[in-house]
Every structure is written in structure tokens, then in C-alpha cells.
Amino acid sequence: MRTFIFLLLGVSLLFQEGLVAQNNPQPIDYSKFVNPFIGTGSVDSLSLSGSNFPGAVAPFGFVQLSPDTQEAPDDPCSGYNYADSTIVGFSHTHLSGTGVADLFDFLFMPFRGDLKWNATKDKNGNGYSSAFSHKNETAHPGYYSVLLDDAKMLAQFTVTEHCGLHQYTSQNNEPFHLMIDLDHSLDKKRAYWSCKILDAQIRVIDNKTIEGYRSITGWANERKVYFTARFSRPFSAQTIKAGNKILSDEAIANGTNLKMALTFEGDNTQPLIVKVGLSSVSYNGARENLKAEITDFDFDRILANAKDKWNKELSSISIEGTDNQKTVFYTSLYHTFIHPNNIADANGDYINSNGEQRNAPNGSNYSTFSLWDTYRAAHPLFTLTQEKRTADFINSMLRQYTDYGYLPIWQLWGKETYCMIGNHAIPIIVDAFNKKIPGIDYNLAYEAIKASSTTSHPNSSFKLLDKYKYIPENLETQSVSIALEGAYNDWCVAQMAKKLGKTADYGYFNTRSEYYKNLFDSRIGFFRAKDDKGNWIEPFSPLKYGGNGGYPFTEGNGWQYLWYVPQDVYSFINMMGGDKKFTQKLDTFFTLKAKSGDVNGNASGFIGQYAHGNEPSHHIAYLYNFTNEPWKAQFYCSKIINELYTNTPSGYSGNEDCGQMSAWYIFSSMGFYPVNPANSVYSFGSPQLPKATINLANGKQFKIIANNTGAANFYIQKIILNGKPYQKNFITHNDIVAGGVIEFFMGKTPNKKMANYEKPPMAAE
């Protein structure tokens with residue numbers, strides 16, 4: 001009997017353990033689906049796609065510890081090109097997917113033999129760079145490793161938010177040197193945003209600790225960065241090169257071209273571990289960041305923590321699909337969560353836009369705002385996946401307004417670069433206001449967007465707009481693009497003013513938001529430039545491209561900017577002559593092939609004149625939802641997803657742009673996209689994933705199910721929302737955050753009845 005009781009107890013315990021296991025399933029390792037090499041270049045040429053880096057970074061972290069394959073990086077802007085076969089070293093700060101290079105702070109590189117002060121090898125093979133092979137290279141979120149063939153060492157890296165952790169494992173017991181290069185930077189010879197080391201210092205604290213700083217100008221003007229590095233075992237000697245001087249016995253040096261080589265003898269069969277703390281504030285900030293985040297030399301523990309942090313962030317959306325779909329999706333989510341970066345120290349100290357030390361009480365002050373790109377999809381995605389950080393991002397932008405008088409345009413390292421056009425912090429703030437994101441002072445926010453819409457600054461000439469009711473190209477270049485993007489921003493300000501009861505402001509900005517119509521030439525059906533006398537500027541070709549000045553269109557042509565009226569689509573359809581003519585023009589846009597002479601470096605990923613490799617095109621396929629042929633949105637969205645995103649180093653069709661290219665994919669693969677990024681409405685495309693679940697900040701889930709997905713099944717046959725038939729070509733933000741299930745049924749032929757479905761509204765909820 002006693003035996004029987006024990007057996008019953010055993011069965012009961014096993015049953016209870018089973019219930020516990022069932023109720024507490026093992027967490028999903030989302031990080032295993034991330035391939036950081038997507039977007040790092042081309043396998044067999046020097047042409048690039050993505051400009052991403054493969055190195056270690058924490059979510060939105062200050063440190064990006066990654067290899068540089070060029071001594072003076074410029075293009076690719078990330079410093080790493082998959083087509084290269086040489087690594088010059090590992091620097092601690094990088095930009096992901098930008099069109100301009102910068103950062104590359106504090107390069108570390110192990111090497112053997114005599115001291116070598118130049119990275120690139122000369123004709124005799126002298127240089128501290130090393131050959132490597134991709135077969136001996138590994139990367140996943142929070143981790144990077146590579147075998148350095150010349151140094152015969154395995155280099156491994158992981159990170160915390162403010163610190164990098166190096167581990168160098170030698171294949172033999174021979175002495176080696178570790179280069180610390182404070183002169184490594186982007187190309188100092190380029191003509192624009194020229195780079196120069198203004199001041200630097202490196203010093204030995206003891207035989208296990210060194211520190212340094214440098215003040216540098218480049219794309220971000222006159223920024224300062226500090227580091228402290230501590231070693232798991234002592235170095236036996238140090239040599240400093242200051243300009244042309246070799247200092248063998250000095251423990252400190254100042255200058256504008258500093259390098260230090262540390263020598264490690266003794267038992268080099270044991271790994272050398274180096275922990276490096278960074279700060280944009282002070283030496284003490286670097287020390288305190290290291291003290292707060294890496295207390296020992298346990299590489300595996302820090303790596304495990306980094307992996308856990310990434311899995312927490314990546315779990316914001318759970319999907320089902322093929323391994324390839326999961327890899328492209330989670331790599332896209334990973335890339336979207338690299339920028340913006342928290343530039344505040346662990347205690348909240350940061351340097352503001354005016355160079356003054358301040359403190360963020362919650363420890364977060366973000367920068368690297370690629371707003372011309374990311375306002376379109378990345379920031380709307382953050383409202384679903386990063387609600388708290390959305391408030392932190394906006395509060396960081398508001399600090400620039402408080403210090404500077406207007407919101408960021410393209411802010412890097414807390415410095416305004418004035419790169420690109422428009423004032424696209426405005427739609428980000430208005431989007432958060434419409435979605436009721438908590439933690440933001442919206443009275444201050446409105447004050448900021450109004451000031452940013454009335455205080456003229458580079459590429460935003462409001463006085464010209466008020467005087468002429470358009471922007472004359474002979475007085476302000478890029479005039480058509482500035483006018484169109486400015487009209488959208490004015491619409492955003494007007495909508496917030498209306499909701500806040502600011503009637504006069506609403507009238508002013510709403511009227512100004514319609515000035516874009518003054519640049520529409522109804523005779524030819526395109527927006528085009530005028531001079532200050534009101535004359536159309538000749539000659540005009542909708543196929544000719546502009547860059548970033550000297551032409552009416554910014555990084556695009558007349559065809560691509562024709563469709564930039566996301567706030568007023570139905571008025572624009574009427575301007576084009578009605579639904580049929582609008583749709584016919586869209587059809588031409590997607591089928592008119594570009595001529596080689598008409599394309600510049602900002603254009604790639606072509607489907608007709610649609611150029612997915614740059615942002616002005618990103619919303620255009622979804623405009624079919626505003627017509628009587630919404631199934632064409634489904635066709636072209638599926639085509640873009642399946643042809644222009646791949647699990648390869650050249651997996652993007654253009655610069656990834658701090659998460660925007662990735663955010664387009666994340667939204668579109670789930671089946672919807674914010675054509676107007678500030679009105680809380682998402683238009684339908686072609687869902688590609690069998691199932692996706694958005695895990696919302698309010699604890700609810702929104703599930704997207706796509707039945708009968710497949711290569712040819714890109715047309716929506718019917719839609720069910722929360723168990724009821726749904727006959728709209730869009731879904732709202734409120735629908736999503738309320739939780740529930742939307743179900744799509746896919747097929748091979750268009751459902752022409754969708755012409756009668758409700759079309760997306762213009763006004764916000």
C-alpha cells in the first residue's frame with residue numbers, strides 16, 4: 001500500500017511538473033534567425049547593398065563594436081564591405097545603413113612581429129591589418145568573431161550598452177602586440193563634412209589599464225568621446241606614436257595623430273580579455289559605465305546577457321514561416337532596433353546640442369535620428385513594438401528644441417547635421433499624439449513642432465513659402481521636394497492644432513499645407529519647379545534625377561516625387577483627373593523602365609520608375625488602395641518583398657538607412673503599411689507570413705493570419721477581423737492595440753469586389 005501511495009505521489013509530481021513545463025515553455029531563441037551579414041555588401045563585387053555592419057551591438061546601444069575593412073572608410077559608410085578580404089581593426093562606434101560615414105572610434109587590432117604603425121600593408125607586407133576568410137567569421141546579435149590569419153588569433157567580441165568586451169585567443173605562445181589607434185576615422189580627404197582630429201590623448205594608468213579621448217569633427221561636428229580599457233592580464237611594454245615621434249617610455253601623450261602599441265609576452269596560450277568603457281561626457285563617465293556594466297572578465301556571461309536583451313526585443317513580434325522568411329524578418333527587426341542610440345552615460349549624463357553637460361533623469365537621451373528615412377515606417381513600427389522608447393525618442397528630440405530652438409532634422413551624436421530636407425520629427429510627434437503614447441508633454445511638443453515650422457533653417461525656408469505660396473527654385477534649391485515634404489509636415493501641425501483647439505494655428509497651417517498644389521503642372525501631370533517670377537523652369541524631364549542640391553528633386557526624380565501627397569491623396573486623385581487617370585499613371589510608373597543615363601547613385605531596386613532603394617518610393621505601391629483597383633497594391637507589394645529582400649550580404653536594394661528599409665519589410669510582410677505615417681491608418685498590401693503576433697505594450701496581442709500563402713498567392717480573397725467579415729482596405733492603430741485577430745485568405749487571382757471596400761481615410765482617428 002505504501003509503495004502504491006509513493007507511486008501515486010510520483011505520478012502526481014510528474015504530472016505537476018508537466019503542467020509547469022506546459023505553462024512555462026522554454027523561451028524562444030529569436031536571435032538564431034538573425035543574420036547580421038545581410039546588407040553588408042556584395043559577395044563578388046564592390047557594389048554595396050545595405051551599408052550595414054556585422055559586429056556586436058546591444059539594442060539601441062551606445063557601442064557598436066565591429067570590424068573595419070578599410071583604413072579610411074567612406075563607402076560603405078558602415079566601414080565593412082563583405083567583398084573585402086582584409087580587416088584593419090575593430091572600432092567601437094559605427095552607423096548602420098546610412099548614406100554618410102562617421103564615428104569609427106578607437107580601433108583595436110592584435111598583430112605579431114615588429115611594431116607596425118600603418119594598417120595597410122606596404123610592398124614588403126608590413127602593416128598591422130590581417131587577411132581573413134568568411135568561412136572563419138561568425139556573427140549573431142551581440143556577438144562577432146573572426147580568425148585573423150596573419151596574427152593567428154581568434155578575435156571575439158560582445159557588448160553591453162556602453163561597453164565593449166574583446167577576447168583574443170592565440171593559436172601559439174608567441175608574443176603579440178595590440179594596436180590602439182586614435183587616428184582611425186572616416187576618409188579625411190573627402191570634400192564634404194571633412195574629417196579632422198582636433199585633439200586627442202592616450203595615457204597608461206597601470207600595466208592593466210589605459211585611457212584616452214579624442215575630439216573629432218566630421219559629419220557630426222566637434223564631438224568628443226572617451227574610453228577606459230582594462231586588461232585581464234598585464235602588458236609588458238607600451239610604445240606611443242605621436243605624429244612622427246616614437247615614445248618608448250612615455251605613459252601619456254597628446255596630439256592629433258596618436259597610436260599606442262601594447263606588447264603581451266608570457267603565457268599567450270591563455271585568452272586576453274579587454275573590457276572597454278566609452279562615454280561622450282568624460283573620463284569618469286567611461287569608468288563609471290564600465291563599473292556599472294562589466295564588473296569582471298566573464299566573456300560568456302556578458303555574451304549571454306547580450307543575447308537575452310536581444311531576444312527580449314525581438315520577441316515583440318512572433319512569426320511563423322519558412323526559415324528564409326524568419327531570417328529576413330528577424331534580421332530586419334534587429335536592424336530596426338540598432339538606431340537611435342542612447343548617448344547618455346549609465347547615470348544619465350549627456351552633452352547637449354550646445355555642448356553643455358546635462359542629465360536625463362531616466363538615463364536615456366537618444367541620438368542618431370535619420371528622420372528623413374525613419375519617420376515613414378520605423379517610427380510608426382516603434383509605436384507598436386517600442387512604446388516606452390518612442391516616448392524616450394521624442395523627449396530626446398524635445399531636448400534639442402529646448403536647447404536649440406527647433407527639432408532635429410538629422411541628428412548624430414547629439415549634433416545637428418542638417419542632412420536631408422524637411423522637418424520629419426514633426427510627423428513622429430503627431431503620430432505619437434494621435435496614438436496617445438504616454439510619457440510625453442504634448443503641450444511642449446506642440447510648441448516645438450510649431451517653432452520648427454516657423455523658424456527658417458537650412459532646407460526649410462518658411463519665409464519664401466509665406467511670400468510666394470511655393471518655393472522658387474532660383475532662391476532655394478530642391479524646391480519641389482522641400483515644398484511637398486513641407487506640405488505634409490504642415491498638415492501634421494494643423495491636425496494637432498485642431499485637436500488642441502488652436503483654431504488660428506489650424507487655419508494657418510492647413511492653408512499652407514495646400515501650397516503644394518501651386519507646383520502642379522496640370523498640362524503634363526507632374527510637380528515641377530518655378531522661378532520667383534512664377535515661370536515654369538525649363539527644360540523639364542520627369543526622368544532626370546537630383547541629388548542633395550542644385551536640382552528641384554532630392555534623391556529622386558519627377559516620377560518618384562509625383563506621388564508624395566500622403567496627407568491629401570483624394571484631392572491629388574482629382575488633380576490628376578480622377579480615379580481612372582490616376583490609376584493609369586500609377587500603372588505607367590511601375591512599368592516605365594529607367595534609362596541608364598537617367599539613374600544616379602541614390603536610385604536602385606527598380607520596378608519601372610519605382611526605386612525601392614530610396615525612401616521617396618516606399619509608400620507608392622499602397623496608393624492603389626485609394627483607387628478602385630486595390631489588388632494592384634497586393635501584386636506590387638508581393639513583388640517588392642520577394643524580389644528585393646534576400647538572405648544574402650547584398651540583401652537590401654539600397655542603404656538600409658537606420659532601420660527604414662527593414663521597417664518597410666516588417667510591416668509589408670505582415671500585410672499592411674502606414675502610407676501617411678501620422679494618421680494611425682495602415683493600408684493593406686499582400687501578407688506573406690502564415691502567422692504573425694504583435695505583442696503589445698498593454699499586454700494584449702494582435703494576431704495576423706494569412707491562409708493559403710504561397711509564391712503565386714499574393715491576392716487577398718477575403719478578410720475576417722475578430723470573427724466578422726471585414727470589407728476595408730485598411731486597418732487602424734486602435735484596431736491593433738485593442739488586440740484580436742485579423743485573418744486573410746489568399747489566392748492567385750484578384751478579388752475585384754475589393755473595389756467596393758472602404759478606402760483609407762485621411763484624417764487621424
# chains A, B, ... in the order shown; residues from 1 in each chain; ligands from 1

call {"tool": "select_by_dssp", "arguments": {"residues": "stretch 297-479 of chain A", "states": "helix (DSSP H, G or I)", "output": "MDAnalysis selection string"}}
result
chainID A and resid 299:314 323:336 371:374 378:385 387:404 425:434 442:452 462:468 479

call {"tool": "select_by_dssp", "arguments": {"residues": "stretch 465-656 of chain A", "states": "strand (DSSP E or B)", "output": "PyMOL selection string"}}
result
chain A and resi 520-521+526-527+530+536+546+556+606-607+610-611

call {"tool": "residues_around", "arguments": {"residues": "stretch 693-700 of chain A", "least_positions_apart": "3", "cutoff": "10 Å", "atoms": "only C-alpha atoms", "output": "PyMOL selection string"}}
result
chain A and resi 315-320+383-388+670+703-705+736-741

call {"tool": "write_last_selection", "arguments": {"atoms": "C-alpha atoms", "output": "PDB file, in the first residue's frame"}}
result
ATOM      1  CA  SER A 315      10.040  38.868 -29.040  1.00  0.00           C
ATOM      2  CA  SER A 316       7.894  41.958 -29.685  1.00  0.00           C
ATOM      3  CA  ILE A 317       6.694  40.154 -32.827  1.00  0.00           C
ATOM      4  CA  SER A 318       6.422  36.357 -33.111  1.00  0.00           C
ATOM      5  CA  ILE A 319       6.044  34.889 -36.584  1.00  0.00           C
ATOM      6  CA  GLU A 320       5.639  31.606 -38.383  1.00  0.00           C
ATOM      7  CA  THR A 383       4.721  52.766 -31.596  1.00  0.00           C
ATOM      8  CA  LEU A 384       3.750  49.078 -31.802  1.00  0.00           C
ATOM      9  CA  THR A 385       6.998  47.462 -30.635  1.00  0.00           C
ATOM     10  CA  GLN A 386       8.787  50.123 -28.567  1.00  0.00           C
ATOM     11  CA  GLU A 387       6.105  52.244 -26.926  1.00  0.00           C
ATOM     12  CA  LYS A 388       8.237  53.368 -23.975  1.00  0.00           C
ATOM     13  CA  MET A 670       2.607  41.204 -42.192  1.00  0.00           C
ATOM     14  CA  LYS A 703      -2.553  38.250 -34.484  1.00  0.00           C
ATOM     15  CA  ILE A 704      -2.307  38.295 -38.270  1.00  0.00           C
ATOM     16  CA  ILE A 705      -3.111  35.020 -40.016  1.00  0.00           C
ATOM     17  CA  ILE A 736      -4.461  46.723 -33.486  1.00  0.00           C
ATOM     18  CA  VAL A 737      -3.825  47.885 -29.908  1.00  0.00           C
ATOM     19  CA  ALA A 738      -7.268  46.653 -28.864  1.00  0.00           C
ATOM     20  CA  GLY A 739      -5.934  43.155 -29.553  1.00  0.00           C
ATOM     21  CA  GLY A 740      -7.600  40.499 -31.616  1.00  0.00           C
ATOM     22  CA  VAL A 741      -7.169  38.506 -34.801  1.00  0.00           C
TER      23      VAL A 741
END

call {"tool": "atom_distance", "arguments": {"atom1": "atom CA of A:Ala119", "atom2": "atom CA of A:Ser232"}}
result
25.2 Å

call {"tool": "closest_residue", "arguments": {"among": "A:Asp431, A:Glu293, A:Asp587, A:Asp298", "to": "A:Gln167", "atoms": "only C-alpha atoms"}}
result
A:Asp298

call {"tool": "closest_residue", "arguments": {"among": "A:Lys469, A:Lys463, A:Arg112, A:Lys593", "to": "A:Arg512", "atoms": "only C-alpha atoms"}}
result
A:Lys469

call {"tool": "atom_distance", "arguments": {"atom1": "atom CA of A:Asn118", "atom2": "atom CA of A:Gly243"}}
result
12.1 Å

call {"tool": "residues_around", "arguments": {"residues": "A:Phe626", "least_positions_apart": "5", "cutoff": "8 Å", "atoms": "only C-alpha atoms", "output": "JSON, numbers by chain"}}
result
{"A": [569, 570, 759, 760]}

call {"tool": "residues_around", "arguments": {"residues": "stretch 342-344 of chain A", "least_positions_apart": "2", "cutoff": "8 Å", "atoms": "only C-alpha atoms", "output": "MDAnalysis selection string"}}
result
chainID A and resid 60:62 279:280 340 346:351 359:360 363:367 413:414

call {"tool": "atom_distance", "arguments": {"atom1": "atom CA of A:Asn628", "atom2": "atom CA of A:Glu758"}}
result
10.1 Å

call {"tool": "residues_around", "arguments": {"residues": "A:Ala304", "least_positions_apart": "6", "cutoff": "10 Å", "atoms": "only C-alpha atoms", "output": "JSON, numbers by chain"}}
result
{"A": [142, 143, 158, 310]}
